[in-house]
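The file structure.cif contains mmCIF, C-alpha atoms:
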```cif
data_work
loop_
_atom_site.label_atom_id
_atom_site.label_comp_id
_atom_site.auth_asym_id
_atom_site.auth_seq_id
_atom_site.Cartn_x
_atom_site.Cartn_y
_atom_site.Cartn_z
CA ARG A 1 -0.93 -0.32 19.58
CA LYS A 2 -0.82 -0.14 15.80
CA GLU A 3 -3.04 -2.55 13.90
CA VAL A 4 -0.13 -3.88 11.87
CA GLU A 5 3.45 -3.59 13.05
CA GLN A 6 6.78 -4.24 11.42
CA ASP A 7 10.38 -3.73 12.45
CA PRO A 8 11.49 -0.84 10.21
CA GLY A 9 15.06 -2.16 9.93
CA PRO A 10 17.21 -1.68 8.00
CA PHE A 11 18.30 -5.27 7.79
CA ASN A 12 21.76 -5.29 6.25
CA VAL A 13 22.70 -8.77 5.06
CA PRO A 14 25.43 -10.14 2.78
CA GLU A 15 24.59 -11.71 -0.53
CA GLY A 16 23.60 -15.32 -0.13
CA ALA A 17 22.31 -14.89 3.40
CA THR A 18 18.91 -15.96 4.66
CA VAL A 19 16.79 -13.23 6.22
CA ALA A 20 13.39 -13.28 7.85
CA PHE A 21 10.89 -10.57 8.65
CA ASN A 22 7.87 -10.71 10.91
CA CYS A 23 4.71 -8.68 10.87
CA THR A 24 2.25 -8.68 13.77
CA TYR A 25 -1.41 -7.79 13.52
CA SER A 26 -3.83 -6.93 16.29
CA ASN A 27 -7.22 -7.90 14.86
CA SER A 28 -7.89 -11.58 15.36
CA ALA A 29 -10.67 -11.37 12.74
CA SER A 30 -8.18 -10.59 10.00
CA GLN A 31 -8.65 -13.01 7.17
CA SER A 32 -6.24 -12.29 4.34
CA PHE A 33 -2.56 -11.52 4.47
CA PHE A 34 -0.06 -10.30 1.93
CA TRP A 35 3.56 -9.29 1.43
CA TYR A 36 4.34 -6.40 -0.90
CA ARG A 37 7.69 -5.20 -2.16
CA GLN A 38 8.35 -1.51 -2.65
CA ASP A 39 11.45 -0.21 -4.37
CA CYS A 40 12.71 3.28 -3.65
CA ARG A 41 10.39 5.93 -5.10
CA LYS A 42 8.19 3.26 -6.71
CA GLU A 43 4.77 1.82 -6.03
CA PRO A 44 4.19 -1.28 -3.89
CA LYS A 45 3.92 -4.52 -5.84
CA LEU A 46 2.42 -7.73 -4.58
CA LEU A 47 5.12 -10.24 -3.71
CA MET A 48 2.92 -13.02 -2.42
CA SER A 49 -0.26 -13.80 -0.60
CA VAL A 50 0.06 -15.68 2.67
CA TYR A 51 -2.06 -18.77 3.09
CA SER A 52 -2.87 -20.64 6.29
CA SER A 53 -0.77 -23.56 5.16
CA GLY A 54 2.15 -21.38 4.25
CA ASN A 55 3.40 -20.91 0.74
CA GLU A 56 6.64 -20.78 -1.16
CA ASP A 57 7.68 -19.04 -4.35
CA GLY A 58 11.25 -19.77 -5.30
CA ARG A 59 13.51 -18.26 -2.67
CA PHE A 60 10.60 -16.70 -0.80
CA THR A 61 8.53 -18.42 1.86
CA ALA A 62 5.60 -16.87 3.67
CA GLN A 63 3.93 -18.26 6.76
CA LEU A 64 0.97 -17.37 8.94
CA ASN A 65 0.75 -17.95 12.67
CA ARG A 66 -2.84 -17.24 13.71
CA ALA A 67 -2.32 -18.15 17.35
CA SER A 68 0.36 -15.54 17.79
CA GLN A 69 -1.09 -13.22 15.16
CA TYR A 70 1.87 -12.73 12.93
CA ILE A 71 3.00 -13.45 9.42
CA SER A 72 6.55 -14.01 8.31
CA LEU A 73 8.59 -13.72 5.15
CA LEU A 74 11.76 -15.72 4.66
CA ILE A 75 14.19 -14.91 1.86
CA ARG A 76 16.85 -17.48 1.10
CA ASP A 77 20.05 -16.90 -0.87
CA SER A 78 19.59 -13.13 -0.85
CA LYS A 79 20.41 -11.24 -4.02
CA LEU A 80 21.44 -7.61 -4.42
CA SER A 81 18.18 -7.13 -6.30
CA ASP A 82 16.21 -8.11 -3.20
CA SER A 83 17.12 -4.77 -1.63
CA ALA A 84 13.81 -3.01 -1.09
CA THR A 85 11.21 -2.27 1.53
CA TYR A 86 8.85 -5.13 2.34
CA LEU A 87 5.34 -4.21 3.43
CA CYS A 88 2.87 -6.55 5.00
CA ALA A 89 -0.85 -6.03 4.53
CA VAL A 90 -3.84 -7.43 6.37
CA LYS A 91 -7.47 -7.52 5.33
CA ASP A 92 -10.53 -8.45 7.36
CA ALA A 93 -13.17 -10.84 6.09
CA GLY A 94 -16.06 -9.23 4.26
CA THR A 95 -14.22 -6.01 3.55
CA TYR A 96 -11.69 -4.69 1.11
CA LYS A 97 -10.06 -2.45 3.70
CA TYR A 98 -6.35 -3.21 3.67
CA ILE A 99 -4.13 -2.21 6.58
CA PHE A 100 -0.45 -1.93 5.76
CA GLY A 101 2.54 -2.04 8.01
CA THR A 102 5.11 0.71 7.69
CA GLY A 103 7.55 -1.66 6.04
CA THR A 104 10.87 -3.33 6.72
CA ARG A 105 13.84 -2.11 4.77
CA LEU A 106 16.27 -4.71 3.46
CA LYS A 107 19.73 -3.99 2.12
CA VAL A 108 21.65 -6.86 0.58
CA LEU A 109 25.34 -6.09 0.50
CA ALA A 110 27.91 -7.35 -2.00
CA ASP B 1 -2.24 -3.58 -20.30
CA ALA B 2 -1.33 -0.01 -19.33
CA GLY B 3 -1.77 -0.57 -15.62
CA VAL B 4 -3.14 2.02 -13.23
CA ILE B 5 -2.50 5.52 -14.50
CA GLN B 6 -2.12 8.51 -12.21
CA SER B 7 -1.66 12.18 -12.96
CA PRO B 8 0.07 14.37 -12.29
CA ARG B 9 3.17 12.45 -11.23
CA HIS B 10 4.49 15.44 -9.30
CA GLU B 11 2.66 18.43 -7.90
CA VAL B 12 4.08 21.41 -6.07
CA THR B 13 1.60 23.92 -4.76
CA GLU B 14 1.22 26.59 -2.15
CA MET B 15 -0.75 26.28 1.03
CA GLY B 16 -4.38 27.11 0.51
CA GLN B 17 -4.54 26.03 -3.10
CA GLU B 18 -6.82 23.33 -4.41
CA VAL B 19 -5.14 20.11 -5.53
CA THR B 20 -6.77 17.49 -7.74
CA LEU B 21 -5.22 14.09 -8.24
CA ARG B 22 -6.46 11.78 -10.98
CA CYS B 23 -6.56 8.05 -11.45
CA LYS B 24 -7.52 5.69 -14.24
CA PRO B 25 -7.88 2.13 -12.94
CA ILE B 26 -7.21 -1.02 -14.89
CA SER B 27 -10.15 -1.80 -17.14
CA GLY B 28 -12.49 -4.35 -15.63
CA HIS B 29 -11.38 -3.85 -12.05
CA ASP B 30 -14.32 -3.34 -9.72
CA TYR B 31 -12.43 -1.84 -6.81
CA LEU B 32 -10.49 1.40 -6.61
CA PHE B 33 -8.43 2.56 -3.64
CA TRP B 34 -6.76 5.81 -2.68
CA TYR B 35 -3.77 5.65 -0.34
CA ARG B 36 -1.41 8.18 1.17
CA GLN B 37 2.16 7.31 2.09
CA THR B 38 4.46 9.25 4.40
CA MET B 39 7.62 8.29 6.23
CA MET B 40 5.97 8.76 9.59
CA ARG B 41 2.63 7.01 9.00
CA GLY B 42 3.42 4.60 6.20
CA LEU B 43 0.77 3.61 3.66
CA GLU B 44 -2.71 4.61 4.79
CA LEU B 45 -5.97 3.75 3.07
CA LEU B 46 -8.02 6.91 2.56
CA ILE B 47 -11.08 5.60 0.73
CA TYR B 48 -12.14 2.79 -1.53
CA PHE B 49 -14.87 2.35 -4.13
CA ASN B 50 -16.71 -0.68 -5.42
CA ASN B 51 -18.38 -0.28 -8.82
CA ASN B 52 -17.95 3.50 -8.54
CA VAL B 53 -19.66 3.67 -5.14
CA PRO B 54 -17.66 4.81 -2.08
CA ILE B 55 -17.67 1.98 0.43
CA ASP B 56 -15.38 3.13 3.21
CA ASP B 57 -14.08 6.67 3.60
CA SER B 58 -13.09 6.37 7.26
CA GLY B 59 -9.48 7.02 6.36
CA MET B 60 -10.13 10.43 4.83
CA PRO B 61 -8.35 12.74 7.24
CA GLU B 62 -10.80 15.63 7.27
CA ASP B 63 -13.35 17.56 5.29
CA ARG B 64 -10.66 19.14 3.17
CA PHE B 65 -10.34 15.81 1.38
CA SER B 66 -12.93 14.52 -1.06
CA ALA B 67 -12.94 11.72 -3.62
CA LYS B 68 -15.22 10.92 -6.50
CA MET B 69 -15.56 8.19 -9.06
CA PRO B 70 -17.97 9.40 -11.76
CA ASN B 71 -17.44 6.32 -13.92
CA ALA B 72 -15.57 3.03 -14.00
CA SER B 73 -12.51 4.49 -15.66
CA PHE B 74 -11.84 7.65 -13.67
CA SER B 75 -11.48 8.84 -10.10
CA THR B 76 -10.30 12.04 -8.46
CA LEU B 77 -8.98 12.91 -5.03
CA LYS B 78 -9.29 16.57 -4.19
CA ILE B 79 -7.72 18.54 -1.37
CA GLN B 80 -9.15 21.98 -0.72
CA PRO B 81 -7.54 23.93 0.81
CA SER B 82 -4.18 22.18 0.87
CA GLU B 83 -1.82 22.37 3.84
CA PRO B 84 1.89 21.55 4.22
CA ARG B 85 1.04 18.45 6.26
CA ASP B 86 -0.72 17.03 3.20
CA SER B 87 2.66 16.59 1.53
CA ALA B 88 2.97 12.89 0.74
CA VAL B 89 2.87 10.35 -2.04
CA TYR B 90 -0.69 9.53 -3.04
CA PHE B 91 -1.27 6.15 -4.64
CA CYS B 92 -4.28 4.89 -6.47
CA ALA B 93 -4.77 1.14 -6.74
CA SER B 94 -7.35 -1.06 -8.43
CA SER B 95 -8.40 -4.63 -7.91
CA PRO B 96 -10.64 -7.19 -9.54
CA VAL B 97 -12.99 -9.19 -7.35
CA GLN B 98 -10.00 -11.27 -6.39
CA GLU B 99 -7.76 -9.70 -3.81
CA THR B 100 -4.66 -8.64 -5.70
CA GLN B 101 -4.24 -4.89 -5.76
CA TYR B 102 -2.36 -3.13 -8.52
CA PHE B 103 -0.88 0.22 -7.60
CA GLY B 104 -0.33 3.18 -9.85
CA PRO B 105 3.02 5.00 -9.87
CA GLY B 106 1.79 7.59 -7.39
CA THR B 107 1.60 11.37 -7.26
CA ARG B 108 4.25 13.13 -5.20
CA LEU B 109 2.60 16.15 -3.62
CA LEU B 110 4.52 18.95 -1.98
CA VAL B 111 2.57 21.75 -0.35
CA LEU B 112 4.69 24.77 0.50
#
```
Show me, as structure tokens, the structure contained in the file I just sent.
Amino acid sequence: RKEVEQDPGPFNVPEGATVAFNCTYSNSASQSFFWYRQDCRKEPKLLMSVYSSGNEDGRFTAQLNRASQYISLLIRDSKLSDSATYLCAVKDAGTYKYIFGTGTRLKVLA
Amino acid sequence: DAGVIQSPRHEVTEMGQEVTLRCKPISGHDYLFWYRQTMMRGLELLIYFNNNVPIDDSGMPEDRFSAKMPNASFSTLKIQPSEPRDSAVYFCASSPVQETQYFGPGTRLLVL
């Protein structure tokens, strides 16, 4: 089993739709969680960190479920510009070793 | 701020040749990471440094790969000899003590 798993997609959704991605992790000692966005042929960029209490940034909401060992990303009112690959990343306490998922590809259609 | 700088941006070489990738982290960042990204395996951490010292190189695939950080503003990742299966995008990232990583634009390596 991979340490961090994501559905590769693609998720094809119409503009204005709400879409959610999950990311499961296998190490229960994982301490920090992140969502990155990667555009085609570009570098990953941090979208948001994921806190235990959940957090929201505009149309984006991230949540952590420690019991089931997954994090989620919800995008409301999808825009064409949201089309990208979304990578989750997990880091254990006391280390700076980040484990990334292979990414979920999102296509927002006009 | 210039961000993380990587060179070259593209590299095409023949099997058996030595390849050197370069990275200049963001000034003041204590951590530097080297990643490799392929379609099949995604983004994999190869090695990371803290204050120029290698901390974890467990992701380095084999002895053909080596990385150095001679000072706070420069790091190299070397592949010798290169093989076709090394073809990938290699990213360098840096981070302050806080946990946000900033990635460079990557080097696209093709080994023929």
Residues selected by the PyMOL selection byres ((chain A) within 10 of (chain B)), written as a ChimeraX atom specification: /A:32-34,36,41-46,48-49,87,89,91,95-103
Applied to this file, what does the PyMOL selection byres ((chain A and resi 76) around 10) return in terms of residues, put as an NGL selection string? :A and (15-20 or 58-61 or 73-75 or 77-79)
So that I can check the surroundings of Ser52 in chain A, please list as a list in words every protein, DNA and RNA residue that reaches within 10 Å of it, counting all atoms listed in the file and ignoring chain neighbours fewer than 5 positions away.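 Non-adjacent residues within range: Gln31, Ser32, Phe33, Ala62, Gln63, Leu64, Asn65, Arg66 and Ile71 of chain A.
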Could you spell out the hits of the PyMOL selection byres ((chain A and resi 86) around 9) on the shown file, as number ranges by chain? A: 21, 35-39, 44, 47, 84-85, 87-88, 102-106
Separation of CA of Ser72 in chain A and CA of Cys23 in chain A, in Å?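 CA of Ser72 in chain A sits 6.2 Å away from CA of Cys23 in chain A.
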Would you work out the distance separating CA of Arg36 in chain B from CA of Met15 in chain B, expressed in Å to one decimal?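 Going from CA of Arg36 in chain B over to CA of Met15 in chain B covers 18.1 Å.
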Around all the atoms of range 64-67 of chain B listed in the file, with 8 Å of room on each side, what axis-aligned box do you get, giving centre and edge lengths in Å to one decimal, as AutoDock Vina command-line options?
```
--center_x -11.6 --center_y 15.4 --center_z -0.2 --size_x 18.6 --size_y 23.4 --size_z 22.8
```
Quick one: distance from CA of Met60 in chain B to CA of Glu11 in chain B in Å, one decimal?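 Separating CA of Met60 in chain B from CA of Glu11 in chain B is a distance of 19.7 Å.
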Please provide the set of residues having any atom within 8 Å of Leu112 in chain B, restricted to only C-alpha atoms, with same-chain residues fewer than 2 positions apart removed, written as number ranges by chain. B: 12-15, 83-84, 110
Taking 2 positions as the minimum chain separation for residues in the same chain, which residues sit within 12 Å of range 22-24 of chain B when counting all atoms listed in the file? Answer as a PDB file with C-alpha atoms, keeping the file's coordinate frame.
```
ATOM      1  CA  ALA B   2      -1.330  -0.010 -19.330  1.00  0.00           C
ATOM      2  CA  GLY B   3      -1.770  -0.570 -15.620  1.00  0.00           C
ATOM      3  CA  VAL B   4      -3.140   2.020 -13.230  1.00  0.00           C
ATOM      4  CA  ILE B   5      -2.500   5.520 -14.500  1.00  0.00           C
ATOM      5  CA  GLN B   6      -2.120   8.510 -12.210  1.00  0.00           C
ATOM      6  CA  SER B   7      -1.660  12.180 -12.960  1.00  0.00           C
ATOM      7  CA  PRO B   8       0.070  14.370 -12.290  1.00  0.00           C
ATOM      8  CA  ARG B   9       3.170  12.450 -11.230  1.00  0.00           C
ATOM      9  CA  HIS B  10       4.490  15.440  -9.300  1.00  0.00           C
ATOM     10  CA  GLU B  11       2.660  18.430  -7.900  1.00  0.00           C
ATOM     11  CA  VAL B  19      -5.140  20.110  -5.530  1.00  0.00           C
ATOM     12  CA  THR B  20      -6.770  17.490  -7.740  1.00  0.00           C
ATOM     13  CA  ILE B  26      -7.210  -1.020 -14.890  1.00  0.00           C
ATOM     14  CA  SER B  27     -10.150  -1.800 -17.140  1.00  0.00           C
ATOM     15  CA  GLY B  28     -12.490  -4.350 -15.630  1.00  0.00           C
ATOM     16  CA  HIS B  29     -11.380  -3.850 -12.050  1.00  0.00           C
ATOM     17  CA  TYR B  31     -12.430  -1.840  -6.810  1.00  0.00           C
ATOM     18  CA  LEU B  32     -10.490   1.400  -6.610  1.00  0.00           C
ATOM     19  CA  PHE B  33      -8.430   2.560  -3.640  1.00  0.00           C
ATOM     20  CA  TRP B  34      -6.760   5.810  -2.680  1.00  0.00           C
ATOM     21  CA  TYR B  35      -3.770   5.650  -0.340  1.00  0.00           C
ATOM     22  CA  ALA B  67     -12.940  11.720  -3.620  1.00  0.00           C
ATOM     23  CA  LYS B  68     -15.220  10.920  -6.500  1.00  0.00           C
ATOM     24  CA  MET B  69     -15.560   8.190  -9.060  1.00  0.00           C
ATOM     25  CA  PRO B  70     -17.970   9.400 -11.760  1.00  0.00           C
ATOM     26  CA  ASN B  71     -17.440   6.320 -13.920  1.00  0.00           C
ATOM     27  CA  ALA B  72     -15.570   3.030 -14.000  1.00  0.00           C
ATOM     28  CA  SER B  73     -12.510   4.490 -15.660  1.00  0.00           C
ATOM     29  CA  PHE B  74     -11.840   7.650 -13.670  1.00  0.00           C
ATOM     30  CA  SER B  75     -11.480   8.840 -10.100  1.00  0.00           C
ATOM     31  CA  THR B  76     -10.300  12.040  -8.460  1.00  0.00           C
ATOM     32  CA  LEU B  77      -8.980  12.910  -5.030  1.00  0.00           C
ATOM     33  CA  LYS B  78      -9.290  16.570  -4.190  1.00  0.00           C
ATOM     34  CA  ILE B  79      -7.720  18.540  -1.370  1.00  0.00           C
ATOM     35  CA  TYR B  90      -0.690   9.530  -3.040  1.00  0.00           C
ATOM     36  CA  PHE B  91      -1.270   6.150  -4.640  1.00  0.00           C
ATOM     37  CA  CYS B  92      -4.280   4.890  -6.470  1.00  0.00           C
ATOM     38  CA  ALA B  93      -4.770   1.140  -6.740  1.00  0.00           C
ATOM     39  CA  SER B  94      -7.350  -1.060  -8.430  1.00  0.00           C
ATOM     40  CA  TYR B 102      -2.360  -3.130  -8.520  1.00  0.00           C
ATOM     41  CA  PHE B 103      -0.880   0.220  -7.600  1.00  0.00           C
ATOM     42  CA  GLY B 104      -0.330   3.180  -9.850  1.00  0.00           C
ATOM     43  CA  PRO B 105       3.020   5.000  -9.870  1.00  0.00           C
ATOM     44  CA  GLY B 106       1.790   7.590  -7.390  1.00  0.00           C
ATOM     45  CA  THR B 107       1.600  11.370  -7.260  1.00  0.00           C
TER      46      THR B 107
END
```
